Structures are given as structure tokens and as C-alpha cells.
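Below is one structure, written out as C-alpha cells; the observations come after it.
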Amino acid sequence: MALREENFVVLHSGSWNTKAGINVVDTNKPPHVTIRSLVGSRTVASELTDIAETETAPATTTAETTSEASASEAANGADIKVEKNEQAAEGTAEAKDQAKENENSKPQTIYYSGSALTEAMQQYPESELTVSTPIQDGIVKDWAAMEALWRHVLFRELGIKRSRNASPVLMVVPTDWTKEEHERITQIFFENFNVPGLYLAEEPLMTLYGCAAVTGLVIDIGHNSTEITPILDTQIQRNAIQSIPLAGSDVDKHFLELLKGDAQLVREYGEPMDLEFARHLKESGVCQVLNKDEKENKTRAQAEYNGKKFTVGSVRYKAAEVLFNPDLVGKRVQTLIEAIHAAQYACKAEKRQSLWESIIVTGGTCQIKGLQSRIESELSESLAVSENFGEFQVRDVKFLKVPDYFPALKDSIVHAGFLGSEIVAKLIFPDPRNYINKVDYNESGPSVVHTKTF
């Protein structure tokens with residue numbers, strides 16, 4: 001059966017949010033679905049299959065036994081033997097029914113995601129509903145919740161029908177997920193979601209493709225960690241990947257403490273501040289990163305949150321400083337600049353120039369104004385200043401972006417990975433040799449993912 005482009009699905013799950021889209025005929029669009037990677041779970045006791053039937057069954061059995069006992073007084077020994085065998089058979093059947101009832105009465109876990117989770121949080125108290133993130137620190141910690149989240153996205157958000165699923169899925173995965181995790185994903189999607197095809201693609205490579213390049217340095221500032229990935233001619237340089245536990249969540253925490261120290265803001269807002277408040281301001285465009293030679297604007301910035309208006313002072317310039325000085329949040333790790341250099345120097349000298357000229361900064365925190373300029377400024381300080389350049393000497397630092405011929409996405413570098421995934425889906429799914437199909441899975445099982453992916 002030929003697969004149709006309007007049914008192709010791209011799915012990307014991160015520790016902070018999950019993005020998905022269907023129909024890649026037109027790739028000049030943001031994801032159809034973007035929801036928080038949160039799953040609520042509630043344990044409930046299953047009801048018995050039929051209470052009335054269960055209650056009347058013993059009486060019926062007793063009546064039949066009494067009648068049989070009266071008749072047996074006039075029966076011969078053979079009749080008694082047959083009767084006992086029948087009673088034994090009935091007892092065995094009753095035991096099986098009881099075992100089935102006990103199995104059905106075991107507690108079951110109900111999962112909620114997206115809008116269903118929002119409704120559940122309003123309906124049930126915290127003591128009954130547990131909310132968690134299936135992916136923590138880039139690793140799947142709860143596979144049942146992870147499957148529930150994917151199920152919600154595919155069948156509820158995208159409206160796919162499991163029984164007649166005609167939508168192959170391109171699943172975007174981090175570079176550090178193991179072979180076992182790849183196999184488990186494959187098993188879930190074929191056996192539980194009934195997909196006609198599956199392809200696993202690594203996130204940094206998709207981001208690079210979204211910027212119309214095959215060589216570059218991808219800096220992904222995620223929620224819990226930042227990963228710097230060098231890619232040369234579509235090949236990820238795994239030995240050079242740098243990952244540091246310094247990312248968006250640290251920016252949020254540091255910014256929240258700074259906001260609490262802004263006395264005028266505290267008076268104007270008049271309510272307790274939390275991480276959601278700090279995150280909203282960070283993503284609203286209030287924050288800005290300054291270069292070392294830039295001066296702060298003393299004018300307070302106007303902001304709004306939950307219908308309340310207020311002003312933010314000079315603390316808005318210091319939110320992202322933790323990326324360049326981890327000591328501000330008590331972490332003794334590489335700075336962002338040090339990690340970038342480490343990734344570069346782990347590659348061959350003759351390849352570094354092409355990496356310096358093709359840098360991509362992505363992730364939610366990259367939307368802070370001036371961050372890319374600050375990174376460029378600090379990286380440029382380490383470049384040679386001599387006019388006599390050597391063969392492998394770095395001359396300039398350049399950054400890539402989504403091409404202008406994608407007008408709806410050209411200013412949204414955070415969607416570069418999703419765009420690249422849609423482009424790859426258009427290329428691989430028309431030919432069954434390029435992806436895992438049902439025939440492949442039935443013949444080889446989950447391990448086929450190691451021979452027909454990436």
C-alpha cells in the first residue's frame with residue numbers, strides 16, 4: 001500500500017514539551033500540536049463484571065446440588081460417579097470464573113495528557129492525581145506514561161484511527177538514547193499503535209537539515225541540559241558531543257531569584273512569584289543578554305502576566321548570565337563557551353573551520369534577545385587576530401538560520417528541527433526500503449531498528 005504525504009506524522013518528545021504534526025505536503029508551517037510533556041496518573045479499582053450475576057450464582061448452584069442429591073438416593077453407583085464428575089467440572093469452571101473476576105478487579109491506572117490532564121487537575125485532588133514528566137534529564141524514566149503521552153498525541157490530538165492506521169511516524173530522538181530504548185520505541189509503535197511504518201531520526205541532524213546544511217555545530221539549550229553536537233557531512237561526531245547540566249531550568253531559577261529582589265516589581269505585582277512567572281517573562285521578550293561593551297537601559301520594561309501589568313527593572317539583563325557563569329546557581333561545570341570549544345577541538349583541525357562557520361543555537365532559551373550575539377562575541381575573543389592566517393586558522397564565526405524561502409518559520413529557529421524532520425519524512429516514506437515497515441518488523445522484531453534507521 002502506497003503511503004500518502006498527507007498521512008505522514010512527525011513526532012518529537014522532549015523533557016519540556018512534545019511537538020507533533022501530520023501532513024507534510026506543505027512544510028512551511030509550525031507543528032500542529034505542542035503540549036507540555038506532562039502525564040497525570042490515577043489508580044482506580046475496576047468494577048466487577050456483573051454484580052447481579054455474581055450474587056445469584058451461589059443460590060443457583062445450591063439448588064441444583066439439592067435436587068441432584070435427592071435423585072441420587074435412588075441411583076446406582078455408576079450414576080453417583082457421573083454426578084460427582086459433573087460437580088467437579090462445575091467447580092473447576094466456577095474457580096476459573098472467580099479467578100477471572102479477581103483479575104478484572106485489580107486496580108488500574110488511568111493516564112491523562114494535554115487538555116485531558118488540565119481537566120483532570122481541576123476535577124481530582126492532588127492526593128489522587130500524580131503528575132510527572134516521563135522524560136527526565138533526557139532519559140525516559142516511565143515508559144507507561146511515555147506510551148500514554150504518545151497515544152494521546154497520535155489518536156486524540158492528531159485524530160488517527162488505530163484500527164486503520166495509515167500514518168507512518170518519523171520519531172525524533174536524542175543522540176544519547178540507547179539501542180534498548182530504540183527497540184522499545186519500535187515495539188510500542190508497531191504492536192500498540194499499529195503504525196504502517198517507522199523511522200527514528202536524531203535531533204541535532206534534523207535541526208541542521210532544517211537550516212539547509214549538512215555540516216555544522218548544533219547548540220541545543222534544552223530544559224535540563226545543553227548539548228553541543230558537531231556534524232560533518234551528515235555524520236554526527238559522537239566522540240565530540242558535549243553535554244552540560246546547565247540549561248533553561250537554571251535560567252528560570254536564577255531569574256526568579258532576581259525578580260524577587262526587584263522591590264518595585266514585588267510591590268506592583270503584589271502576588272507570590274513562581275517558576276512559571278519567571279518562565280513567562282523570559283519567553284515574553286522582556287529579557288535581553290548584553291555584550292560586555294553594552295550598557296543597560298535604565299528604563300523599566302512593561303510586562304503582563306495573568307491580566308496584571310507591572311514593570312521589570314535591570315534584572316531582565318541578567319537572566320541568562322548563568323550560561324556563562326554557572327557559579328551563580330552553585331554549579332561547578334563547564335560554561336557554555338567552554339563546552340563549545342571542547343566540542344570543536346575534539347574534531348579534526350581541518351574540519352573546524354566549517355564548523356565555526358555553521359553554528360546553530362536552538363532550544364527555548366535561545367529566544368532571549370542578544371544571546372546569539374553574546375555567544376558570537378565571546379567565541380570571537382578566542383580567534384586569532386593575526387593577519388597571516390594559517391591553513392587551519394579560524395577566521396570568522398557565523399550562525400545559520402531557517403532559510404528565507406520558509407517565510408512562516410524563518411524567524412523561528414526553535415522549529416528548525418521539526419522542519420528538517422518533515423523534509424526527511426517526505427524523502428524516506430515513499431520508498432519502503434528506507435524505513436521500517438510491518439513486513440520488516442514481523443520478520444525481525446524490534447531489533448530491525450538497528451538496520452533500517454538513521
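Identifiers in this document derive from the order of the C-alpha cells: chains are assigned A, B, ..., residues are numbered from 1 separately in each chain, and ligands are numbered from 1 in order of occurrence.
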_Going by DSSP on the backbone, which residues of range 297-427 of chain A come out as alpha helix (DSSP H)? List them as a ChimeraX atom specification._
/A:336-345,349-356,371-380,416-427
_Between A:Phe190, A:Phe324, A:Tyr435, A:Tyr441, which residue has the minimum interatomic distance to Asp250 in chain A, considering only C-alpha atoms?_
A:Phe324
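From CA of Leu400 in chain A back to CA of Thr18 in chain A, the distance works out to 24.1 Å.
Our summary of the geometry notes that CA of Ile236 in chain A is positioned 19.4 Å from CA of Asn434 in chain A.
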Can you build me a table of range 230-260 of chain A residues sitting at most 12 Å from range 131-142 of chain A, with the closest atom pair per residue and its distance in Å to one decimal, using only C-alpha atoms, sorted by chain and residue number, as a tab-separated table?
```
residue	atom	partner	partner_atom	distance
A:Ser243	CA	A:Gly138	CA	10.7
A:Ile244	CA	A:Asp137	CA	10.8
A:Pro245	CA	A:Asp137	CA	8.5
A:Leu246	CA	A:Asp137	CA	11.0
A:Ala247	CA	A:Asp137	CA	10.8
A:Ser249	CA	A:Asp137	CA	11.1
```
Selection from above, C-alpha atoms, as a short mmCIF file (atom, residue, chain, number, x, y, z; two decimals), in the first residue's frame, can you write it?
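The result, written out as selection.cif:
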```
data_model
loop_
_atom_site.label_atom_id
_atom_site.label_comp_id
_atom_site.auth_asym_id
_atom_site.auth_seq_id
_atom_site.Cartn_x
_atom_site.Cartn_y
_atom_site.Cartn_z
CA SER A 243 26.55 17.79 27.29
CA ILE A 244 26.43 20.01 30.35
CA PRO A 245 23.76 20.13 33.11
CA LEU A 246 23.23 23.83 32.55
CA ALA A 247 20.14 24.91 30.66
CA SER A 249 15.65 25.46 34.08
#
```
*If you run DSSP on the backbone, which residues of range 239-394 of chain A are strand (DSSP E or B), as a ChimeraX atom specification?*
/A:242-244,288,301-305,308-312,359-362,369
Could you save those same residues with C-alpha atoms as a compact mmCIF listing (two decimals), in the first residue's frame?
```
# COMPACT_ATOMS: atom_id res chain seq x y z
CA GLN A 242 29.45 17.82 24.84
CA SER A 243 26.55 17.79 27.29
CA ILE A 244 26.43 20.01 30.35
CA GLN A 288 17.89 40.52 26.95
CA ALA A 301 10.22 47.38 30.83
CA GLN A 302 6.46 46.93 30.74
CA ALA A 303 5.18 43.37 31.26
CA GLU A 304 1.94 41.49 31.88
CA TYR A 305 1.07 38.14 33.45
CA LYS A 308 -1.81 42.02 35.77
CA LYS A 309 0.51 44.71 34.43
CA PHE A 310 3.82 45.72 36.03
CA THR A 311 7.37 46.80 35.21
CA VAL A 312 10.68 44.93 35.33
CA ILE A 359 26.69 27.31 14.16
CA ILE A 360 23.05 26.83 15.14
CA VAL A 361 21.68 27.92 18.52
CA THR A 362 18.31 26.34 19.29
CA LYS A 369 17.26 38.64 22.63
```
*So which residues touch Gly40 in chain A within 8 Å, counting only C-alpha atoms, skipping near sequence neighbours fewer than 5 positions away, as a VMD selection string?*
chain A and resid 111 to 113 117 120 129 to 132
Can I get the selected residues back with C-alpha atoms, as a PDB file, in the first residue's frame?
```
ATOM      1  CA  TYR A 111      -3.395   8.364  32.292  1.00  0.00           C
ATOM      2  CA  TYR A 112      -4.124  11.956  31.269  1.00  0.00           C
ATOM      3  CA  SER A 113      -2.228  14.275  28.895  1.00  0.00           C
ATOM      4  CA  LEU A 117      -4.737  16.476  32.052  1.00  0.00           C
ATOM      5  CA  ALA A 120      -8.262  16.097  35.470  1.00  0.00           C
ATOM      6  CA  LEU A 129      -3.719  12.536  40.722  1.00  0.00           C
ATOM      7  CA  THR A 130       0.045  12.181  40.269  1.00  0.00           C
ATOM      8  CA  VAL A 131       1.596  14.463  37.633  1.00  0.00           C
ATOM      9  CA  SER A 132       5.081  13.716  36.302  1.00  0.00           C
TER      10      SER A 132
END
```
*Counting only C-alpha atoms, what is within 10 Å of His182 in chain A, bar same-chain residues fewer than 6 positions away, as a PyMOL selection string?*
chain A and resi 173+200+446-450+453
Export, as a CSV table (one decimal), in the first residue's frame, the selected residues with N, CA and C atoms.
```csv
chain,number,residue,atom,x,y,z
A,173,VAL,N,14.6,11.5,18.1
A,173,VAL,CA,15.1,11.0,19.4
A,173,VAL,C,16.5,11.7,19.7
A,200,LEU,N,13.4,6.4,12.9
A,200,LEU,CA,14.0,7.1,14.0
A,200,LEU,C,15.1,8.1,13.5
A,446,PRO,N,11.8,-6.1,17.0
A,446,PRO,CA,12.3,-4.7,17.4
A,446,PRO,C,13.7,-4.4,17.0
A,447,SER,N,14.5,-5.5,16.9
A,447,SER,CA,16.0,-5.3,16.6
A,447,SER,C,16.2,-4.8,15.1
A,448,VAL,N,15.1,-4.8,14.3
A,448,VAL,CA,15.3,-4.3,12.9
A,448,VAL,C,15.6,-2.8,12.9
A,449,VAL,N,15.3,-2.1,14.0
A,449,VAL,CA,15.6,-0.7,14.1
A,449,VAL,C,17.0,-0.4,13.9
A,450,HIS,N,17.9,-1.3,14.2
A,450,HIS,CA,19.4,-1.0,14.1
A,450,HIS,C,19.9,-1.2,12.6
A,453,THR,N,17.3,2.5,10.0
A,453,THR,CA,17.1,3.8,10.7
A,453,THR,C,18.3,4.7,10.6
```
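The shell of residues at most 12 Å from Arg156 in chain A, with only C-alpha atoms counted and near chain neighbours (fewer than 3 positions) removed, consists of Ala20, Val33, Tyr112, Ser113, Gly114, Ser115, Ala116, Ala148, Leu149, Trp150, Arg151, His152, Val153, Gly159, Ile160, Lys161 and Arg162 of chain A.
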Kindly export the residues of the current selection with N, CA and C atoms, as a compact mmCIF listing (two decimals), in the first residue's frame.
```txt
# COMPACT_ATOMS: atom_id res chain seq x y z
N ALA A 20 4.18 17.66 17.52
CA ALA A 20 3.77 16.67 16.52
C ALA A 20 3.04 17.36 15.39
N VAL A 33 0.65 20.33 16.86
CA VAL A 33 0.44 20.11 18.29
C VAL A 33 1.71 20.44 19.05
N TYR A 112 -3.57 10.74 31.86
CA TYR A 112 -4.12 11.96 31.27
C TYR A 112 -2.98 12.79 30.69
N SER A 113 -3.22 13.39 29.53
CA SER A 113 -2.23 14.28 28.90
C SER A 113 -2.94 15.44 28.22
N GLY A 114 -2.21 16.51 27.95
CA GLY A 114 -2.77 17.64 27.23
C GLY A 114 -3.97 18.25 27.91
N SER A 115 -5.02 18.53 27.14
CA SER A 115 -6.23 19.14 27.69
C SER A 115 -6.92 18.21 28.68
N ALA A 116 -6.81 16.90 28.46
CA ALA A 116 -7.41 15.95 29.40
C ALA A 116 -6.75 16.04 30.76
N ALA A 148 1.54 6.52 27.11
CA ALA A 148 0.25 7.21 27.25
C ALA A 148 0.29 8.59 26.58
N LEU A 149 1.42 9.28 26.71
CA LEU A 149 1.57 10.59 26.08
C LEU A 149 1.55 10.48 24.57
N TRP A 150 2.30 9.52 24.03
CA TRP A 150 2.31 9.32 22.57
C TRP A 150 0.92 8.92 22.08
N ARG A 151 0.25 8.06 22.82
CA ARG A 151 -1.09 7.61 22.44
C ARG A 151 -2.05 8.81 22.37
N HIS A 152 -1.95 9.69 23.35
CA HIS A 152 -2.80 10.88 23.38
C HIS A 152 -2.55 11.76 22.15
N VAL A 153 -1.28 11.96 21.83
CA VAL A 153 -0.93 12.83 20.70
C VAL A 153 -1.41 12.23 19.39
N GLY A 159 -5.93 12.80 15.67
CA GLY A 159 -7.13 12.15 15.14
C GLY A 159 -6.91 10.90 14.31
N ILE A 160 -5.80 10.19 14.55
CA ILE A 160 -5.51 8.96 13.81
C ILE A 160 -6.35 7.82 14.39
N LYS A 161 -6.83 6.93 13.52
CA LYS A 161 -7.59 5.76 13.95
C LYS A 161 -6.65 4.56 14.02
N ARG A 162 -6.55 3.94 15.20
CA ARG A 162 -5.62 2.84 15.37
C ARG A 162 -5.97 1.64 14.49
```
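For the choices A:Glu271, A:Glu276, A:Asp252, A:Glu294, the atom-to-atom distance to Val322 in chain A is smallest for A:Asp252 when using only C-alpha atoms.
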_To one decimal place in Å, what is the distance between CA of Ile188 in chain A and CA of Gly363 in chain A?_
27.4 Å
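Minimum distance to Ala145 in chain A across A:Ile110, A:Val286, A:Ala342, A:Ala425 (counting only C-alpha atoms) occurs at A:Ile110.
Taking only C-alpha atoms into account, Leu205 in chain A lies nearest to A:Val424 out of the set A:Val424, A:Ile413, A:Val439, A:Met146.
Proximity ranking of A:Glu381, A:Ile368, A:Glu180, A:Arg300 relative to Val414 in chain A places A:Ile368 first, based on only C-alpha atoms.
The smallest atom-to-atom distance between Val172 in chain A and any of A:Leu281, A:Val10, A:Leu3, A:Ile436, using only C-alpha atoms, is found for A:Val10.
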With a distance cut-off of 8 Å and only C-alpha atoms, select the neighbouring residues of range 343-347 of chain A, excluding the residue or stretch itself and same-chain residues fewer than 3 positions from it, and output the selection as an mmCIF file with N, CA and C atoms, in the first residue's frame.
```
data_model
loop_
_atom_site.group_PDB
_atom_site.id
_atom_site.type_symbol
_atom_site.label_atom_id
_atom_site.label_comp_id
_atom_site.auth_asym_id
_atom_site.auth_seq_id
_atom_site.Cartn_x
_atom_site.Cartn_y
_atom_site.Cartn_z
ATOM 1 N N ILE A 228 25.979 20.144 22.811
ATOM 2 C CA ILE A 228 26.677 20.714 21.653
ATOM 3 C C ILE A 228 27.123 19.549 20.774
ATOM 4 N N THR A 229 26.620 19.510 19.543
ATOM 5 C CA THR A 229 26.846 18.369 18.653
ATOM 6 C C THR A 229 27.481 18.798 17.342
ATOM 7 N N PRO A 230 28.738 18.405 17.078
ATOM 8 C CA PRO A 230 29.348 18.665 15.764
ATOM 9 C C PRO A 230 28.870 17.631 14.740
ATOM 10 N N GLN A 237 29.431 13.531 14.993
ATOM 11 C CA GLN A 237 30.736 13.203 15.599
ATOM 12 C C GLN A 237 30.515 12.888 17.081
ATOM 13 N N ASN A 239 32.068 11.234 19.328
ATOM 14 C CA ASN A 239 33.167 11.394 20.284
ATOM 15 C C ASN A 239 33.355 12.840 20.705
ATOM 16 N N ALA A 240 32.765 13.780 19.968
ATOM 17 C CA ALA A 240 32.971 15.196 20.252
ATOM 18 C C ALA A 240 31.763 15.861 20.922
ATOM 19 N N ILE A 241 30.669 15.116 21.089
ATOM 20 C CA ILE A 241 29.471 15.699 21.696
ATOM 21 C C ILE A 241 29.752 16.116 23.135
ATOM 22 N N GLN A 242 29.313 17.311 23.475
ATOM 23 C CA GLN A 242 29.450 17.822 24.835
ATOM 24 C C GLN A 242 28.061 18.079 25.414
ATOM 25 N N ALA A 339 32.199 24.602 26.753
ATOM 26 C CA ALA A 339 31.678 23.368 26.149
ATOM 27 C C ALA A 339 31.727 23.440 24.623
ATOM 28 N N ILE A 340 31.454 24.617 24.071
ATOM 29 C CA ILE A 340 31.523 24.783 22.610
ATOM 30 C C ILE A 340 32.955 24.556 22.124
ATOM 31 N N LYS A 351 38.706 20.304 9.878
ATOM 32 C CA LYS A 351 37.241 20.379 9.804
ATOM 33 C C LYS A 351 36.662 21.505 10.656
ATOM 34 N N ARG A 352 37.464 22.085 11.506
ATOM 35 C CA ARG A 352 36.924 23.056 12.464
ATOM 36 C C ARG A 352 36.416 24.325 11.808
ATOM 37 N N LEU A 355 32.899 24.104 10.820
ATOM 38 C CA LEU A 355 32.000 24.091 11.977
ATOM 39 C C LEU A 355 31.798 25.498 12.536
#
```
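Residues within 10 Å of His254 in chain A, counting only C-alpha atoms and excluding same-chain residues fewer than 6 positions away, are Gly248, Leu275, Ala278, Lys318, Ala319, Ala320, Glu321, Val322, Leu328 and Val329 of chain A.
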